[in-house]
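Structure file model-v6.tsv; described as TSV, C-alpha atoms.
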chain	number	residue	atom	x	y	z
A	6	MET	CA	-23.56	-2.91	8.39
A	7	SER	CA	-25.10	0.50	7.98
A	8	GLN	CA	-23.67	3.20	5.75
A	9	SER	CA	-24.75	5.76	8.31
A	10	ASN	CA	-22.52	4.14	10.91
A	11	PRO	CA	-18.95	5.33	10.12
A	12	THR	CA	-16.56	2.54	9.21
A	13	SER	CA	-14.42	3.20	12.23
A	14	GLY	CA	-11.88	0.86	13.73
A	15	GLN	CA	-11.21	2.94	16.81
A	16	GLU	CA	-13.53	1.07	19.16
A	17	HIS	CA	-11.80	-2.21	18.33
A	18	ALA	CA	-8.24	-0.91	18.03
A	19	HIS	CA	-7.32	-0.90	21.72
A	20	LYS	CA	-9.40	-3.89	22.84
A	21	SER	CA	-8.28	-6.62	20.46
A	22	GLY	CA	-5.09	-7.81	18.82
A	23	PHE	CA	-4.33	-7.28	15.16
A	24	GLU	CA	-5.36	-10.75	14.06
A	25	THR	CA	-8.66	-10.52	15.94
A	26	ARG	CA	-9.45	-7.17	14.34
A	27	ALA	CA	-8.53	-8.41	10.87
A	28	ILE	CA	-10.95	-11.32	11.24
A	29	HIS	CA	-13.87	-9.78	13.12
A	30	ALA	CA	-13.92	-5.98	12.63
A	31	GLY	CA	-16.37	-4.40	10.22
A	32	TYR	CA	-19.08	-7.06	10.33
A	33	GLU	CA	-21.32	-8.73	12.87
A	34	PRO	CA	-22.77	-12.16	12.01
A	35	ASP	CA	-25.95	-11.80	9.96
A	36	PRO	CA	-28.90	-11.39	12.38
A	37	THR	CA	-31.21	-13.49	10.19
A	38	THR	CA	-29.01	-16.45	9.25
A	39	GLY	CA	-26.00	-16.15	11.56
A	40	ALA	CA	-23.63	-16.11	8.55
A	41	VAL	CA	-20.16	-15.31	9.89
A	42	ILE	CA	-18.85	-14.02	6.52
A	43	PRO	CA	-20.34	-10.93	4.84
A	44	PRO	CA	-22.53	-11.93	1.89
A	45	ILE	CA	-21.72	-10.73	-1.61
A	46	TYR	CA	-24.44	-8.14	-2.15
A	47	ALA	CA	-24.57	-8.31	-5.95
A	48	THR	CA	-27.00	-5.44	-6.32
A	49	SER	CA	-26.83	-2.00	-7.86
A	50	THR	CA	-29.81	-0.50	-6.04
A	51	TYR	CA	-31.96	-0.94	-2.92
A	52	LYS	CA	-35.70	-0.83	-2.21
A	53	GLN	CA	-36.66	2.24	-0.22
A	54	ASP	CA	-39.40	2.26	2.39
A	55	GLY	CA	-41.02	5.38	1.02
A	56	VAL	CA	-39.23	8.30	-0.61
A	57	GLY	CA	-35.92	8.79	1.19
A	58	GLY	CA	-36.60	5.87	3.50
A	59	MET	CA	-33.33	4.03	3.04
A	60	ARG	CA	-32.64	0.81	4.93
A	61	GLY	CA	-29.34	1.18	6.73
A	62	GLY	CA	-28.42	4.15	4.56
A	63	TYR	CA	-28.16	2.19	1.31
A	64	GLU	CA	-29.59	3.64	-1.89
A	65	TYR	CA	-27.13	2.89	-4.73
A	66	SER	CA	-24.02	0.73	-4.78
A	67	ARG	CA	-21.66	3.39	-6.06
A	68	SER	CA	-22.38	5.28	-2.85
A	69	ALA	CA	-22.26	2.23	-0.58
A	70	ASN	CA	-22.64	-1.52	-0.71
A	71	PRO	CA	-22.81	-3.73	2.42
A	72	THR	CA	-19.97	-5.98	1.21
A	73	ARG	CA	-17.77	-2.95	0.70
A	74	THR	CA	-18.83	-1.46	4.04
A	75	ALA	CA	-17.57	-4.58	5.82
A	76	LEU	CA	-14.20	-4.31	4.07
A	77	GLU	CA	-13.90	-0.61	4.84
A	78	GLY	CA	-14.63	-1.18	8.51
A	79	ALA	CA	-11.98	-3.90	8.71
A	80	LEU	CA	-9.41	-1.70	6.95
A	81	ALA	CA	-10.05	1.12	9.41
A	82	ALA	CA	-9.66	-1.28	12.32
A	83	VAL	CA	-6.35	-2.83	11.29
A	84	GLU	CA	-4.81	0.59	10.53
A	85	GLU	CA	-6.29	2.04	13.75
A	86	GLY	CA	-7.93	4.83	11.75
A	87	GLU	CA	-11.22	6.68	11.97
A	88	ARG	CA	-12.62	5.62	8.60
A	89	GLY	CA	-11.60	3.36	5.75
A	90	PHE	CA	-12.45	3.71	2.06
A	91	ALA	CA	-12.11	1.04	-0.63
A	92	PHE	CA	-11.38	1.76	-4.29
A	93	ALA	CA	-11.09	-0.05	-7.60
A	94	SER	CA	-7.27	0.26	-7.56
A	95	GLY	CA	-4.48	1.85	-5.60
A	96	LEU	CA	-4.13	4.62	-8.18
A	97	ALA	CA	-7.88	5.28	-8.01
A	98	ALA	CA	-7.46	5.75	-4.26
A	99	GLU	CA	-4.53	8.12	-4.80
A	100	ASP	CA	-6.31	10.23	-7.41
A	101	THR	CA	-9.45	10.49	-5.28
A	102	LEU	CA	-7.39	11.61	-2.29
A	103	VAL	CA	-5.64	14.30	-4.32
A	104	ARG	CA	-8.93	15.65	-5.69
A	105	ALA	CA	-10.38	15.69	-2.19
A	106	LEU	CA	-7.52	17.52	-0.47
A	107	CYS	CA	-5.79	19.60	-3.16
A	108	ARG	CA	-6.73	22.34	-5.61
A	109	PRO	CA	-5.06	23.67	-8.76
A	110	GLY	CA	-2.03	25.73	-7.76
A	111	ASP	CA	-1.25	23.59	-4.72
A	112	HIS	CA	2.01	21.68	-4.27
A	113	VAL	CA	2.90	18.13	-3.16
A	114	VAL	CA	6.24	16.67	-2.06
A	115	LEU	CA	6.88	13.17	-3.47
A	116	PRO	CA	9.60	10.58	-2.77
A	117	ASP	CA	12.53	10.83	-5.16
A	118	ASP	CA	12.18	7.08	-5.78
A	119	ALA	CA	8.39	6.85	-5.82
A	120	TYR	CA	6.51	3.99	-7.43
A	121	GLY	CA	6.43	4.67	-11.17
A	122	GLY	CA	2.63	4.66	-11.33
A	123	THR	CA	2.39	7.24	-8.55
A	124	PHE	CA	4.96	9.46	-10.27
A	125	ARG	CA	3.12	9.14	-13.58
A	126	LEU	CA	-0.17	10.10	-11.89
A	127	PHE	CA	1.31	13.28	-10.43
A	128	ASP	CA	3.54	14.16	-13.37
A	129	LYS	CA	1.18	13.47	-16.27
A	130	VAL	CA	-2.33	13.70	-14.80
A	131	GLU	CA	-2.33	15.91	-11.73
A	132	ARG	CA	0.16	18.39	-13.22
A	133	ALA	CA	-2.24	18.99	-16.13
A	134	TRP	CA	-4.91	19.72	-13.52
A	135	GLY	CA	-2.66	22.41	-12.03
A	136	LEU	CA	-1.06	20.53	-9.13
A	137	GLU	CA	2.70	20.95	-8.86
A	138	HIS	CA	5.15	18.59	-7.22
A	139	SER	CA	8.79	18.28	-6.24
A	140	SER	CA	10.80	15.32	-5.00
A	141	ALA	CA	12.95	14.58	-1.97
A	142	PRO	CA	14.48	11.43	-0.47
A	143	VAL	CA	12.15	10.07	2.21
A	144	SER	CA	15.15	9.02	4.29
A	145	ASP	CA	16.34	12.64	4.64
A	146	VAL	CA	14.03	14.63	6.91
A	147	ASP	CA	15.91	17.88	6.26
A	148	ALA	CA	15.59	17.40	2.49
A	149	VAL	CA	11.85	16.84	2.82
A	150	ARG	CA	11.58	19.97	4.98
A	151	ALA	CA	13.48	21.96	2.34
A	152	ALA	CA	11.19	20.70	-0.43
A	153	ILE	CA	8.07	21.94	1.34
A	154	GLU	CA	6.68	25.28	0.18
A	155	PRO	CA	4.84	26.67	3.23
A	156	GLY	CA	1.36	27.82	2.33
A	157	ARG	CA	1.36	25.88	-0.96
A	158	THR	CA	2.36	22.36	0.03
A	159	LYS	CA	-0.77	20.50	0.99
A	160	LEU	CA	0.56	16.93	1.09
A	161	VAL	CA	3.86	15.32	1.97
A	162	TRP	CA	3.67	11.93	0.24
A	163	VAL	CA	5.83	9.12	1.59
A	164	GLU	CA	6.44	5.50	0.72
A	165	THR	CA	8.27	3.49	3.36
A	166	PRO	CA	9.76	1.12	2.40
A	167	THR	CA	9.97	2.71	-1.06
A	168	ASN	CA	9.46	0.83	-4.31
A	169	PRO	CA	11.85	-0.65	-5.44
A	170	LEU	CA	14.90	0.71	-3.58
A	171	LEU	CA	13.47	0.00	-0.11
A	172	ASN	CA	14.47	3.31	1.41
A	173	ILE	CA	12.96	4.06	4.82
A	174	GLY	CA	11.30	7.25	6.00
A	175	ASP	CA	10.91	8.14	9.67
A	176	ILE	CA	7.11	8.51	9.81
A	177	GLU	CA	7.02	10.24	13.19
A	178	ALA	CA	9.65	12.80	12.19
A	179	LEU	CA	8.12	13.41	8.77
A	180	ALA	CA	4.67	13.92	10.32
A	181	SER	CA	6.12	16.61	12.54
A	182	VAL	CA	7.77	18.34	9.58
A	183	ALA	CA	4.59	18.22	7.50
A	184	HIS	CA	2.37	19.46	10.31
A	185	ASP	CA	4.73	22.33	11.15
A	186	ALA	CA	4.23	23.55	7.57
A	187	GLY	CA	0.46	23.11	7.63
A	188	ALA	CA	0.56	20.04	5.36
A	189	LEU	CA	-0.78	16.54	5.80
A	190	LEU	CA	1.41	13.43	5.79
A	191	VAL	CA	0.24	10.66	3.44
A	192	VAL	CA	1.98	7.28	3.78
A	193	ASP	CA	1.78	4.59	1.13
A	194	ASN	CA	1.87	1.52	3.37
A	195	THR	CA	1.59	-1.06	0.58
A	196	PHE	CA	5.04	-2.62	0.99
A	197	ALA	CA	4.81	-2.95	4.77
A	198	SER	CA	1.10	-3.85	5.04
A	199	PRO	CA	-0.99	-2.88	8.08
A	200	TYR	CA	0.40	-5.87	9.96
A	201	LEU	CA	4.01	-4.70	9.88
A	202	GLN	CA	3.47	-0.94	10.17
A	203	GLN	CA	0.69	1.42	11.25
A	204	PRO	CA	1.51	4.97	10.10
A	205	LEU	CA	-1.56	6.64	11.64
A	206	VAL	CA	-0.38	5.60	15.10
A	207	LEU	CA	2.95	7.31	14.31
A	208	GLY	CA	1.33	10.61	13.33
A	209	ALA	CA	0.44	10.24	9.64
A	210	ASP	CA	-2.89	11.66	8.49
A	211	VAL	CA	-3.76	9.28	5.65
A	212	VAL	CA	-2.65	5.76	4.75
A	213	VAL	CA	-2.77	4.58	1.13
A	214	HIS	CA	-2.79	0.95	0.01
A	215	SER	CA	-2.80	-0.93	-3.20
A	216	THR	CA	-4.87	-3.74	-1.68
A	217	THR	CA	-4.01	-5.72	-4.81
A	218	LYS	CA	-0.78	-6.54	-3.01
A	219	TYR	CA	-0.42	-7.92	0.53
A	220	VAL	CA	-3.93	-7.13	1.77
A	221	GLY	CA	-5.61	-9.15	-0.98
A	222	GLY	CA	-2.60	-11.41	-0.99
A	223	HIS	CA	-3.54	-13.94	-3.67
A	224	SER	CA	-3.01	-12.10	-6.98
A	225	ASP	CA	-6.68	-12.53	-7.85
A	226	VAL	CA	-8.14	-9.06	-7.26
A	227	VAL	CA	-7.20	-5.43	-7.96
A	228	GLY	CA	-8.07	-2.79	-5.37
A	229	GLY	CA	-6.99	0.20	-3.34
A	230	ALA	CA	-7.75	1.81	0.00
A	231	LEU	CA	-7.46	4.98	2.04
A	232	VAL	CA	-7.62	5.07	5.83
A	233	VAL	CA	-7.82	8.44	7.60
A	234	ARG	CA	-7.68	9.55	11.22
A	235	ASP	CA	-9.56	12.87	10.96
A	236	LEU	CA	-13.33	13.10	10.39
A	237	GLU	CA	-13.07	16.31	8.37
A	238	VAL	CA	-10.66	14.58	5.97
A	239	ALA	CA	-12.96	11.56	6.00
A	240	ASP	CA	-15.93	13.67	4.94
A	241	ALA	CA	-13.97	15.14	2.02
A	242	VAL	CA	-12.79	11.70	0.91
A	243	ALA	CA	-16.27	10.21	1.24
A	244	PHE	CA	-17.77	12.97	-0.93
A	245	HIS	CA	-15.16	12.48	-3.65
A	246	GLN	CA	-15.31	8.68	-3.46
A	247	ASN	CA	-19.01	8.88	-4.29
A	248	SER	CA	-18.65	11.71	-6.80
A	249	ILE	CA	-15.77	10.16	-8.75
A	250	GLY	CA	-17.07	6.62	-8.38
A	251	ALA	CA	-13.85	4.62	-8.70
A	252	VAL	CA	-15.12	1.99	-6.26
A	253	PRO	CA	-14.72	-1.79	-6.15
A	254	GLY	CA	-17.65	-4.04	-6.87
A	255	PRO	CA	-18.99	-6.46	-4.25
A	256	PHE	CA	-17.04	-9.46	-5.60
A	257	ASP	CA	-13.74	-7.57	-5.45
A	258	SER	CA	-14.60	-6.27	-1.98
A	259	PHE	CA	-15.34	-9.82	-0.83
A	260	LEU	CA	-12.02	-11.18	-2.14
A	261	THR	CA	-10.03	-8.32	-0.61
A	262	HIS	CA	-11.75	-8.74	2.76
A	263	ARG	CA	-11.11	-12.48	2.69
A	264	GLY	CA	-7.42	-11.83	2.06
A	265	LEU	CA	-7.21	-9.36	4.93
A	266	LYS	CA	-8.32	-12.02	7.40
A	267	THR	CA	-5.14	-14.06	6.81
A	268	LEU	CA	-2.75	-11.13	6.40
A	269	ALA	CA	-0.88	-11.68	9.68
A	270	VAL	CA	-0.03	-15.34	9.15
A	271	ARG	CA	0.94	-14.73	5.53
A	272	MET	CA	3.17	-11.77	6.38
A	273	ASP	CA	5.07	-13.76	8.98
A	274	ARG	CA	5.82	-16.42	6.34
A	275	HIS	CA	6.74	-13.76	3.74
A	276	CYS	CA	9.20	-12.29	6.24
A	277	ASP	CA	10.63	-15.69	7.22
A	278	ASN	CA	11.29	-16.55	3.57
A	279	ALA	CA	12.65	-13.10	2.71
A	280	GLU	CA	15.18	-13.30	5.51
A	281	ARG	CA	16.44	-16.63	4.17
A	282	VAL	CA	16.64	-15.21	0.64
A	283	VAL	CA	18.62	-12.20	1.88
A	284	GLU	CA	20.99	-14.51	3.73
A	285	PHE	CA	21.52	-16.51	0.52
A	286	LEU	CA	22.07	-13.46	-1.70
A	287	THR	CA	24.44	-11.72	0.70
A	288	GLY	CA	27.95	-12.58	-0.35
A	289	HIS	CA	26.88	-14.40	-3.54
A	290	PRO	CA	29.57	-13.73	-6.18
A	291	ALA	CA	26.99	-12.71	-8.81
A	292	VAL	CA	25.36	-10.14	-6.53
A	293	ALA	CA	26.88	-6.69	-6.13
A	294	GLU	CA	24.47	-5.42	-3.45
A	295	VAL	CA	21.51	-6.70	-1.47
A	296	ILE	CA	18.91	-4.10	-0.45
A	297	TYR	CA	16.73	-5.07	2.51
A	298	PRO	CA	15.82	-2.98	5.57
A	299	GLY	CA	16.49	-5.94	7.84
A	300	LEU	CA	20.22	-5.83	7.11
A	301	PRO	CA	22.13	-3.93	9.81
A	302	GLU	CA	24.11	-2.11	7.12
A	303	HIS	CA	20.96	-0.78	5.45
A	304	PRO	CA	20.96	3.01	6.10
A	305	GLY	CA	17.33	2.88	7.24
A	306	HIS	CA	17.67	-0.20	9.42
A	307	ALA	CA	17.37	1.57	12.78
A	308	VAL	CA	14.30	3.55	11.74
A	309	ALA	CA	12.68	0.47	10.22
A	310	ALA	CA	13.33	-1.49	13.41
A	311	LYS	CA	11.67	1.31	15.40
A	312	GLN	CA	8.48	1.57	13.35
A	313	MET	CA	8.00	-1.87	11.74
A	314	ARG	CA	7.08	-5.16	13.37
A	315	ARG	CA	9.35	-6.99	10.89
A	316	PHE	CA	11.13	-5.99	7.69
A	317	GLY	CA	8.81	-7.35	5.01
A	318	GLY	CA	8.81	-9.69	2.05
A	319	MET	CA	10.34	-7.39	-0.59
A	320	VAL	CA	14.01	-7.80	-1.51
A	321	SER	CA	15.99	-5.94	-4.18
A	322	PHE	CA	19.49	-6.70	-5.38
A	323	ARG	CA	21.94	-5.48	-7.99
A	324	VAL	CA	23.62	-7.94	-10.34
A	325	ALA	CA	27.38	-7.57	-10.53
A	326	ALA	CA	27.65	-8.16	-14.28
A	327	GLY	CA	25.23	-5.40	-15.23
A	328	GLU	CA	21.89	-4.91	-16.96
A	329	GLN	CA	21.93	-7.84	-19.37
A	330	ALA	CA	22.92	-10.21	-16.57
A	331	ALA	CA	20.02	-8.86	-14.50
A	332	LEU	CA	17.65	-9.53	-17.40
A	333	ASP	CA	19.09	-13.03	-17.72
A	334	VAL	CA	18.46	-13.74	-14.03
A	335	CYS	CA	14.83	-12.74	-14.48
A	336	ALA	CA	14.52	-14.95	-17.57
A	337	ARG	CA	16.08	-18.03	-15.95
A	338	ALA	CA	13.97	-18.02	-12.80
A	339	GLU	CA	11.25	-20.67	-12.67
A	340	VAL	CA	9.70	-20.81	-9.19
A	341	PHE	CA	9.95	-17.02	-9.09
A	342	THR	CA	7.44	-15.99	-11.75
A	343	LEU	CA	8.49	-13.16	-14.05
A	344	GLY	CA	5.74	-10.61	-13.55
A	345	GLU	CA	4.74	-7.23	-12.20
A	346	SER	CA	2.86	-6.61	-8.96
A	347	LEU	CA	3.83	-8.07	-5.59
A	348	GLY	CA	2.50	-9.30	-2.28
A	349	GLY	CA	0.81	-12.48	-3.47
A	350	VAL	CA	1.37	-15.95	-2.08
A	351	GLU	CA	3.54	-16.76	-5.09
A	352	SER	CA	7.06	-15.40	-5.51
A	353	LEU	CA	7.63	-12.88	-8.30
A	354	ILE	CA	10.77	-11.54	-9.95
A	355	GLU	CA	11.03	-8.46	-12.13
A	356	HIS	CA	13.39	-5.93	-13.69
A	357	PRO	CA	12.13	-2.53	-12.45
A	358	GLY	CA	13.98	-0.49	-15.07
A	359	ARG	CA	12.20	-2.28	-17.92
A	360	MET	CA	8.94	-3.15	-16.16
A	361	THR	CA	7.31	-1.43	-13.16
A	362	HIS	CA	9.47	1.70	-13.32
A	363	ALA	CA	9.81	2.16	-17.07
A	364	SER	CA	7.68	5.31	-16.75
A	365	VAL	CA	10.45	7.11	-14.82
A	366	ALA	CA	13.25	6.29	-17.28
A	367	GLY	CA	15.26	9.40	-18.08
A	368	THR	CA	14.05	11.27	-14.98
A	369	ASP	CA	15.63	11.85	-11.59
A	370	LEU	CA	13.61	8.84	-10.38
A	371	GLU	CA	15.24	6.40	-12.80
A	372	VAL	CA	16.27	3.14	-11.08
A	373	PRO	CA	19.57	1.30	-11.63
A	374	ALA	CA	19.63	-0.82	-14.79
A	375	ASP	CA	21.19	-3.77	-12.95
A	376	LEU	CA	18.44	-3.89	-10.28
A	377	VAL	CA	16.24	-6.95	-9.74
A	378	ARG	CA	13.22	-6.86	-7.42
A	379	LEU	CA	11.82	-9.90	-5.65
A	380	SER	CA	8.45	-10.32	-4.04
A	381	VAL	CA	9.20	-13.31	-1.84
A	382	GLY	CA	6.16	-15.56	-1.53
A	383	ILE	CA	5.21	-18.25	0.94
A	384	GLU	CA	6.42	-21.34	-0.94
A	385	THR	CA	8.87	-23.84	0.55
A	386	VAL	CA	11.90	-21.65	1.06
A	387	ASP	CA	14.44	-24.27	-0.06
A	388	ASP	CA	12.74	-24.29	-3.46
A	389	LEU	CA	13.11	-20.52	-3.68
A	390	LEU	CA	16.80	-20.67	-2.80
A	391	ALA	CA	17.48	-23.40	-5.34
A	392	ASP	CA	15.67	-21.39	-8.01
A	393	LEU	CA	17.74	-18.29	-7.29
A	394	ASP	CA	20.90	-20.36	-7.32
A	395	ARG	CA	20.06	-21.61	-10.83
A	396	ALA	CA	19.04	-18.16	-12.06
A	397	LEU	CA	22.20	-16.53	-10.78
A	398	GLY	CA	24.40	-19.33	-12.03

What does the file become when written as structure tokens?
Amino acid sequence: MSQSNPTSGQEHAHKSGFETRAIHAGYEPDPTTGAVIPPIYATSTYKQDGVGGMRGGYEYSRSANPTRTALEGALAAVEEGERGFAFASGLAAEDTLVRALCRPGDHVVLPDDAYGGTFRLFDKVERAWGLEHSSAPVSDVDAVRAAIEPGRTKLVWVETPTNPLLNIGDIEALASVAHDAGALLVVDNTFASPYLQQPLVLGADVVVHSTTKYVGGHSDVVGGALVVRDLEVADAVAFHQNSIGAVPGPFDSFLTHRGLKTLAVRMDRHCDNAERVVEFLTGHPAVAEVIYPGLPEHPGHAVAAKQMRRFGGMVSFRVAAGEQAALDVCARAEVFTLGESLGGVESLIEHPGRMTHASVAGTDLEVPADLVRLSVGIETVDDLLADLDRALG
């Protein structure tokens, strides 16, 4: 696990299946002990063999740590990218990427229903730095094209599925539009996870993850990641990762890597349960609309079917009786825990307008007041259905 050896997944990507890469990529069993799991290197610094004589390229754990190197190699492998980079949070990953690839006066196109934290980062932090942005629906390729300012737009930023309205963007088409304008396509792949969708294969330049969610998968660690397919971009990100220093410690890297190893089996169960939940909610008298890309009537269904392995574990729905009724549903749920975040083994329920997306209230990105978002976990599905039945009743 040498820092000088790029954390590339390319050599594994076309030889092994996803599950094999998730379990084995990024780390070879320890040559001294044979340990099959990367140790937690709880160290801040490393003994040098003479001035500048670094062992494996390690000098200081902000720059690189062997536990983090293993995680970064695995992330690159499962996303079929050139290099992976781990961060202390998803927003830390996003901010580092922006600083690496943009300069004051540049422009970014964002989804018109972006995650509230991403919007806040661009609107309140990056704007003060001199970076401008505009919004467009990710499901409308022509609208994204129209929002691009050739020569100024450096990044086209896409979530697919989006949070929390589960809109779908055609990654291949959007990559073409971005590249025609000299911009890079960045895809936040948090909702889909690397198991269900691999944007770099479809033409994206950078993948962003909040690894807190499905990659970690157990609601016990906060983290973020970038995976890139171009070495020039990788060099810029690596420089800024070290210079800014928003990196995960070895314990967080260990937990995230451990979660990644079981991602495939967990995602299949998330999807199984979500499909049953959607079936239950569809036609329920208390539900005005069910939003899930797996439904044939979803406007992005055909695109999602083309670029996703399955349709994911996130489900949103609108409550027929309005905002207060939606709040009541959230309050009455018991197996579904009322809480922010998503992607853990436990099921979560939340009211986006008052919780995760409160920061976009009063803007064009404001979400419906009667919307409820579910992160469907991997519990016994009959228990989840009974809990929703009580909450809606």

Within 12 Å of region 122-133 of chain A, counting all atoms listed in the file, which residues show up once you throw out same-chain ones fewer than 4 positions away? Write them as a PyMOL selection string, please.
-> chain A and resi 94-104+107-118+137-140+162-164+167-168+193+213-215+346+357+360-366+368-371

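Nearest-residue note for Thr48 (chain A): choosing from A:Leu106, A:Pro255, A:Asp175, A:Ser352, the minimum distance belongs to A:Pro255, counting only C-alpha atoms.
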
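One distance worth recording is that between CA of Val324 (chain A) and CA of Asp145 (chain A), which is 26.5 Å.
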
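Distances to Ala279 (chain A) were evaluated for A:Arg359, A:Arg378, A:Arg263, A:Arg157 using only C-alpha atoms, and the minimum falls at A:Arg378.
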
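Nearest residue to Tyr63 (chain A), choosing from A:Glu294, A:Tyr51, A:Phe341, A:Glu77 and counting all atoms listed in the file: A:Tyr51.
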
Quick one: pull the distance between CA of Leu160 (chain A) and CA of Phe244 (chain A), Å, one decimal.
-> 18.9 Å

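Residues lying within 8 Å of region 317-320 of chain A, counting all atoms listed in the file and ignoring same-chain neighbours fewer than 5 positions away, are Leu171, Phe196, Ala197, Leu201, Met272, His275, Cys276, Asn278, Ala279, Val283, Val295, Ile296, Tyr297, Gly348, Arg378, Leu379, Ser380, Val381 and Gly382 of chain A.
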
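The coordinates place CA of Val191 (chain A) at 26.1 Å from CA of Phe259 (chain A).
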
Take the point (-22.7, -5.6, -9.5) as written in the file and pick out every residue within 9 Å of it, counting all atoms listed in the file; give the list as a ChimeraX atom specification.
-> /A:46-49,66,254-256

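Nearest residue to His262 (chain A) among A:Asp240, A:Ile383, A:Gly222, A:Ile153 is A:Gly222, counting all atoms listed in the file.
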
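Minimum atom-to-atom distances from A:Val372, A:Ala391, A:Cys335, A:Leu265 to Ile354 (chain A) were compared using only C-alpha atoms, and the lowest value belongs to A:Cys335.
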
May I have the residues within 12 Å of Ala307 (chain A) as a ChimeraX atom specification, using all atoms listed in the file and disregarding those fewer than 6 positions away in the same chain?
-> /A:144,172-175,298-301,313,315-316

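Residues in contact range of Leu390 (chain A), defined as at most 8 Å between all atoms listed in the file, with sequence neighbours fewer than 3 positions away removed, read Val282, Phe285, Val386, Asp387, Leu393 and Asp394 of chain A.
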
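Shortest atom-to-atom contact with Gly229 (chain A) among A:Pro204, A:Gly89, A:Pro304, A:Pro373: A:Gly89, counting only C-alpha atoms.
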
In file coordinates, which residues lie within 12 Å of (24.4, -5.3, -16.2) using all atoms listed in the file, given as a list in words?
-> Ala291, Val292, Ala293, Phe322, Arg323, Val324, Ala325, Ala326, Gly327, Glu328, Gln329, Ala330, Ala331, Leu332, Asp333, Val334, His356, Gly358, Pro373, Ala374, Asp375, Leu376 and Val377 of chain A

Would you write out those residues with C-alpha atoms, as a short mmCIF file (atom, residue, chain, number, x, y, z; two decimals), keeping the file's coordinate frame?
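And here's result_3.cif as it stands now:
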data_model
loop_
_atom_site.label_atom_id
_atom_site.label_comp_id
_atom_site.auth_asym_id
_atom_site.auth_seq_id
_atom_site.Cartn_x
_atom_site.Cartn_y
_atom_site.Cartn_z
CA ALA A 291 26.99 -12.71 -8.81
CA VAL A 292 25.36 -10.14 -6.53
CA ALA A 293 26.88 -6.69 -6.13
CA PHE A 322 19.49 -6.70 -5.38
CA ARG A 323 21.94 -5.48 -7.99
CA VAL A 324 23.62 -7.94 -10.34
CA ALA A 325 27.38 -7.57 -10.53
CA ALA A 326 27.65 -8.16 -14.28
CA GLY A 327 25.23 -5.40 -15.23
CA GLU A 328 21.89 -4.91 -16.96
CA GLN A 329 21.93 -7.84 -19.37
CA ALA A 330 22.92 -10.21 -16.57
CA ALA A 331 20.02 -8.86 -14.50
CA LEU A 332 17.65 -9.53 -17.40
CA ASP A 333 19.09 -13.03 -17.72
CA VAL A 334 18.46 -13.74 -14.03
CA HIS A 356 13.39 -5.93 -13.69
CA GLY A 358 13.98 -0.49 -15.07
CA PRO A 373 19.57 1.30 -11.63
CA ALA A 374 19.63 -0.82 -14.79
CA ASP A 375 21.19 -3.77 -12.95
CA LEU A 376 18.44 -3.89 -10.28
CA VAL A 377 16.24 -6.95 -9.74
#

Once N, CA and C atoms are restored for region 351-362 of chain A, what would the output be as an mmCIF file, in the frame of the given file?
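The result, stored in result.cif:
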data_model
loop_
_atom_site.group_PDB
_atom_site.id
_atom_site.type_symbol
_atom_site.label_atom_id
_atom_site.label_comp_id
_atom_site.auth_asym_id
_atom_site.auth_seq_id
_atom_site.Cartn_x
_atom_site.Cartn_y
_atom_site.Cartn_z
ATOM 1 N N GLU A 351 2.489 -16.259 -4.215
ATOM 2 C CA GLU A 351 3.540 -16.760 -5.090
ATOM 3 C C GLU A 351 4.679 -15.754 -5.188
ATOM 4 N N SER A 352 5.896 -16.264 -5.375
ATOM 5 C CA SER A 352 7.060 -15.400 -5.510
ATOM 6 C C SER A 352 7.146 -14.841 -6.926
ATOM 7 N N LEU A 353 7.499 -13.557 -7.019
ATOM 8 C CA LEU A 353 7.630 -12.880 -8.300
ATOM 9 C C LEU A 353 9.025 -12.274 -8.413
ATOM 10 N N ILE A 354 9.512 -12.192 -9.655
ATOM 11 C CA ILE A 354 10.770 -11.540 -9.950
ATOM 12 C C ILE A 354 10.529 -10.565 -11.093
ATOM 13 N N GLU A 355 11.195 -9.423 -11.040
ATOM 14 C CA GLU A 355 11.030 -8.460 -12.130
ATOM 15 C C GLU A 355 12.248 -7.559 -12.243
ATOM 16 N N HIS A 356 12.337 -6.898 -13.418
ATOM 17 C CA HIS A 356 13.390 -5.930 -13.690
ATOM 18 C C HIS A 356 12.738 -4.553 -13.678
ATOM 19 N N PRO A 357 12.857 -3.799 -12.567
ATOM 20 C CA PRO A 357 12.130 -2.530 -12.450
ATOM 21 C C PRO A 357 12.393 -1.556 -13.589
ATOM 22 N N GLY A 358 13.647 -1.458 -14.036
ATOM 23 C CA GLY A 358 13.980 -0.490 -15.070
ATOM 24 C C GLY A 358 13.237 -0.708 -16.373
ATOM 25 N N ARG A 359 12.908 -1.964 -16.684
ATOM 26 C CA ARG A 359 12.200 -2.280 -17.920
ATOM 27 C C ARG A 359 10.718 -2.555 -17.690
ATOM 28 N N MET A 360 10.316 -2.719 -16.427
ATOM 29 C CA MET A 360 8.940 -3.150 -16.160
ATOM 30 C C MET A 360 8.207 -2.108 -15.302
ATOM 31 N N THR A 361 8.148 -2.283 -14.002
ATOM 32 C CA THR A 361 7.310 -1.430 -13.160
ATOM 33 C C THR A 361 7.721 0.029 -13.155
ATOM 34 N N HIS A 362 8.990 0.317 -13.414
ATOM 35 C CA HIS A 362 9.470 1.700 -13.320
ATOM 36 C C HIS A 362 9.940 2.239 -14.660
#
